[in-house]
file entry-v9.txt (compact mmCIF, C-alpha atoms)
# COMPACT_ATOMS: atom_id res chain seq x y z
CA MET A 154 0.00 0.00 0.00
CA ARG A 155 1.15 3.50 -0.83
CA PRO A 156 0.55 6.11 1.83
CA ASN A 157 -1.52 9.16 0.90
CA LYS A 158 0.45 12.29 0.25
CA THR A 159 -0.61 15.68 1.47
CA PHE A 160 -0.94 18.23 -1.31
CA ILE A 161 0.74 21.54 -0.54
CA PRO A 162 0.32 24.12 -3.29
CA LYS A 163 3.25 26.05 -4.70
CA VAL A 164 3.13 29.83 -4.77
CA ALA A 165 3.00 29.70 -8.58
CA ASP A 166 -0.10 27.46 -8.42
CA LEU A 167 -2.09 29.95 -6.37
CA LYS A 168 -4.53 32.13 -8.26
CA ARG A 169 -5.83 35.07 -6.29
CA SER A 170 -9.21 36.36 -7.35
CA TRP A 171 -10.54 39.86 -6.77
CA TYR A 172 -13.86 40.37 -4.99
CA ILE A 173 -15.85 43.50 -4.27
CA ILE A 174 -18.24 43.85 -1.33
CA ASP A 175 -20.72 46.66 -0.78
CA ALA A 176 -20.82 47.22 3.00
CA GLU A 177 -23.96 49.34 2.94
CA GLY A 178 -26.40 48.01 5.54
CA LEU A 179 -24.23 45.02 6.57
CA VAL A 180 -23.55 44.12 10.19
CA LEU A 181 -19.90 44.80 11.04
CA GLY A 182 -18.99 41.53 12.80
CA ARG A 183 -20.62 39.28 10.21
CA LEU A 184 -18.96 41.19 7.38
CA ALA A 185 -15.56 41.04 9.10
CA ALA A 186 -15.81 37.28 9.70
CA ILE A 187 -16.59 36.55 6.04
CA VAL A 188 -13.85 38.90 4.82
CA ALA A 189 -11.26 37.41 7.22
CA ASN A 190 -12.01 33.88 5.98
CA LYS A 191 -11.70 34.94 2.32
CA LEU A 192 -8.46 36.84 3.00
CA ARG A 193 -6.90 33.79 4.68
CA GLY A 194 -8.17 31.45 1.96
CA LYS A 195 -10.11 29.24 4.37
CA ASP A 196 -12.89 28.86 1.80
CA LYS A 197 -10.52 27.13 -0.64
CA VAL A 198 -9.82 23.42 -0.93
CA PHE A 199 -6.05 23.83 -0.77
CA PHE A 200 -5.95 26.05 2.35
CA THR A 201 -2.57 25.88 4.05
CA PRO A 202 -2.21 27.69 7.39
CA ASN A 203 1.37 28.81 6.79
CA MET A 204 0.80 30.28 3.30
CA GLN A 205 -0.86 33.34 1.92
CA CYS A 206 -3.48 31.66 -0.26
CA GLY A 207 -6.43 34.06 0.11
CA ASP A 208 -8.06 36.45 -2.32
CA ASN A 209 -8.00 40.23 -2.71
CA ILE A 210 -11.04 41.97 -1.23
CA ILE A 211 -12.33 45.46 -2.03
CA ILE A 212 -14.90 46.92 0.36
CA VAL A 213 -16.86 50.00 -0.71
CA ASN A 214 -19.31 52.19 1.25
CA SER A 215 -17.50 51.44 4.48
CA GLU A 216 -19.09 54.38 6.28
CA LYS A 217 -22.56 52.80 5.92
CA VAL A 218 -21.80 49.65 7.94
CA LEU A 219 -24.21 48.75 10.78
CA LEU A 220 -23.45 48.11 14.42
CA LYS A 221 -26.34 46.45 16.26
CA GLY A 222 -27.64 47.60 19.63
CA GLN A 223 -25.70 50.32 21.41
CA LYS A 224 -22.27 49.17 20.10
CA ARG A 225 -21.97 52.27 17.94
CA PHE A 226 -21.82 54.43 21.08
CA ASN A 227 -20.74 52.11 23.94
CA LYS A 228 -17.98 50.02 22.30
CA ASN A 229 -14.47 51.36 22.86
CA TYR A 230 -11.26 50.95 20.89
CA TYR A 231 -8.17 51.33 23.09
CA TRP A 232 -4.54 51.99 22.19
CA HIS A 233 -1.48 53.15 24.04
CA THR A 234 0.86 55.95 22.98
CA GLY A 235 3.90 54.39 24.63
CA TYR A 236 4.19 57.08 27.28
CA PRO A 237 3.20 56.69 30.95
CA GLY A 238 -0.52 57.29 31.33
CA GLY A 239 -0.88 57.31 27.55
CA ILE A 240 -3.91 55.04 27.14
CA LYS A 241 -6.41 56.48 24.70
CA SER A 242 -9.82 55.37 23.49
CA THR A 243 -12.46 56.20 20.92
CA THR A 244 -15.88 54.88 19.88
CA PRO A 245 -17.06 53.61 16.48
CA GLU A 246 -19.38 56.62 16.22
CA LYS A 247 -16.42 59.04 16.33
CA ILE A 248 -14.50 56.99 13.78
CA LEU A 249 -17.44 56.61 11.36
CA THR A 250 -18.19 60.35 11.43
CA GLY A 251 -14.48 61.31 11.28
CA LYS A 252 -11.88 61.43 8.51
CA THR A 253 -11.31 57.67 8.10
CA PRO A 254 -14.57 55.73 8.47
CA SER A 255 -12.91 52.68 6.90
CA LYS A 256 -10.88 52.17 10.10
CA VAL A 257 -13.81 50.43 11.86
CA ILE A 258 -13.90 47.62 9.28
CA GLN A 259 -10.10 47.47 9.16
CA LEU A 260 -9.87 47.03 12.96
CA ALA A 261 -12.59 44.35 12.98
CA VAL A 262 -10.90 42.31 10.24
CA LYS A 263 -7.40 42.85 11.62
CA ARG A 264 -8.42 41.37 14.96
CA MET A 265 -9.74 38.23 13.23
CA ILE A 266 -6.48 37.59 11.34
CA PRO A 267 -3.54 35.88 13.08
CA LYS A 268 -0.87 38.21 14.37
CA GLY A 269 2.63 38.10 12.90
CA PRO A 270 4.33 38.43 9.52
CA LEU A 271 1.77 36.30 7.64
CA GLY A 272 -1.12 38.30 9.10
CA ARG A 273 0.47 41.56 7.97
CA LYS A 274 0.90 40.16 4.43
CA VAL A 275 -2.71 38.98 4.36
CA LEU A 276 -4.03 42.39 5.46
CA LYS A 277 -2.32 44.04 2.47
CA GLN A 278 -4.86 42.24 0.27
CA LEU A 279 -7.72 44.16 1.92
CA HIS A 280 -8.71 47.45 0.27
CA ILE A 281 -11.38 49.54 2.03
CA TYR A 282 -12.97 52.70 0.60
CA SER A 283 -15.65 55.06 1.83
CA GLY A 284 -17.92 55.83 -1.07
CA SER A 285 -18.58 53.66 -4.09
CA GLU A 286 -15.44 54.54 -6.09
CA HIS A 287 -12.27 52.42 -6.12
CA PRO A 288 -9.19 52.27 -8.40
CA TYR A 289 -9.29 48.50 -9.09
CA GLU A 290 -11.65 48.32 -12.08
CA ALA A 291 -8.85 46.86 -14.23
CA GLN A 292 -8.76 43.71 -12.06
CA LYS A 293 -12.45 43.03 -12.89
CA PRO A 294 -13.55 42.17 -9.33
CA GLU A 295 -16.51 39.83 -8.85
CA ALA A 296 -19.31 41.13 -6.63
CA ILE A 297 -20.21 39.13 -3.52
CA ASP A 298 -23.72 39.61 -2.16
CA ILE A 299 -23.26 38.99 1.56
CA LYS A 300 -26.81 40.09 2.42
CA SER A 301 -28.22 37.05 0.63
CA LEU A 302 -26.02 34.56 2.54
CA ASN A 303 -27.96 34.92 5.80
CA ARG A 304 -31.04 36.87 6.85
CA LYS A 305 -29.16 38.28 9.85
CA ASN A 306 -26.49 39.92 7.69
CA SER A 307 -28.48 43.11 7.25

call {"tool": "encode", "arguments": {"input": "entry-v9.txt", "output": "structure tokens"}}
result
Amino acid sequence: MRPNKTFIPKVADLKRSWYIIDAEGLVLGRLAAIVANKLRGKDKVFFTPNMQCGDNIIIVNSEKVLLKGQKRFNKNYYWHTGYPGGIKSTTPEKILTGKTPSKVIQLAVKRMIPKGPLGRKVLKQLHIYSGSEHPYEAQKPEAIDIKSLNRKNS
């Protein structure tokens, strides 16, 4: 008997597709979970945990994402400046009405991706834009309708 061999894809064998997602009216956590899985490549047959085998994702209308309940006002994002007593915080409401509303989606997805060098590479495949315009028309991205996947998505 011959033992089964595990198939590990080569980097040249990987084909990364481009997908576009309209975030208007989508729940933040559900959107982030689907995007994180696609970025890692967990939806593919040849998923390998130590390789970057995911797809490129473009998210448009990031400022129109939904947060259920009182999360928009009560949830806090913390960071530290590096100085004594330098802990700072903000809420999703301040971020969504500020200069960079795409940061809410970026933080949600970033926290669902493993930390380390591979996670940083994977996050470079995520492109988030407020508004419906993006510069990746030449890649011919396929649209993903996340609202139709589950009734709770919107």

call {"tool": "residues_around", "arguments": {"input": "entry-v9.txt", "residues": "segment 288-303 of chain A", "least_positions_apart": "4", "cutoff": "12 Å", "atoms": "only C-alpha atoms", "output": "ChimeraX atom specification"}}
result
/A:169-181,183-188,191,208-213,279-282,284,307

call {"tool": "atom_distance", "arguments": {"input": "entry-v9.txt", "atom1": "atom CA of Gly251 of chain A", "atom2": "atom CA of Tyr230 of chain A"}}
result
14.5 Å

call {"tool": "closest_residue", "arguments": {"input": "entry-v9.txt", "among": "A:Asn190, A:Ser255, A:Ser215, A:Asn229", "to": "Lys241 of chain A", "atoms": "only C-alpha atoms"}}
result
A:Asn229

call {"tool": "atom_distance", "arguments": {"input": "entry-v9.txt", "atom1": "atom CA of Pro267 of chain A", "atom2": "atom CA of Arg304 of chain A"}}
result
28.2 Å

call {"tool": "closest_residue", "arguments": {"input": "entry-v9.txt", "among": "A:Lys277, A:Ala189, A:Thr201, A:Leu220", "to": "Glu246 of chain A", "atoms": "all atoms listed in the file"}}
result
A:Leu220

call {"tool": "atom_distance", "arguments": {"input": "entry-v9.txt", "atom1": "atom CA of Cys206 of chain A", "atom2": "atom CA of Lys305 of chain A"}}
result
28.4 Å

call {"tool": "residues_around", "arguments": {"input": "entry-v9.txt", "residues": "Gly272 of chain A", "least_positions_apart": "4", "cutoff": "9 Å", "atoms": "only C-alpha atoms", "output": "ChimeraX atom specification"}}
result
/A:193,205,263,266-268,276-277

call {"tool": "closest_residue", "arguments": {"input": "entry-v9.txt", "among": "A:Asn157, A:Asn227, A:Gln278, A:Ser283", "to": "Lys247 of chain A", "atoms": "only C-alpha atoms"}}
result
A:Asn227

call {"tool": "closest_residue", "arguments": {"input": "entry-v9.txt", "among": "A:Met154, A:Val257, A:Leu192, A:Leu167", "to": "Arg273 of chain A", "atoms": "all atoms listed in the file"}}
result
A:Leu192
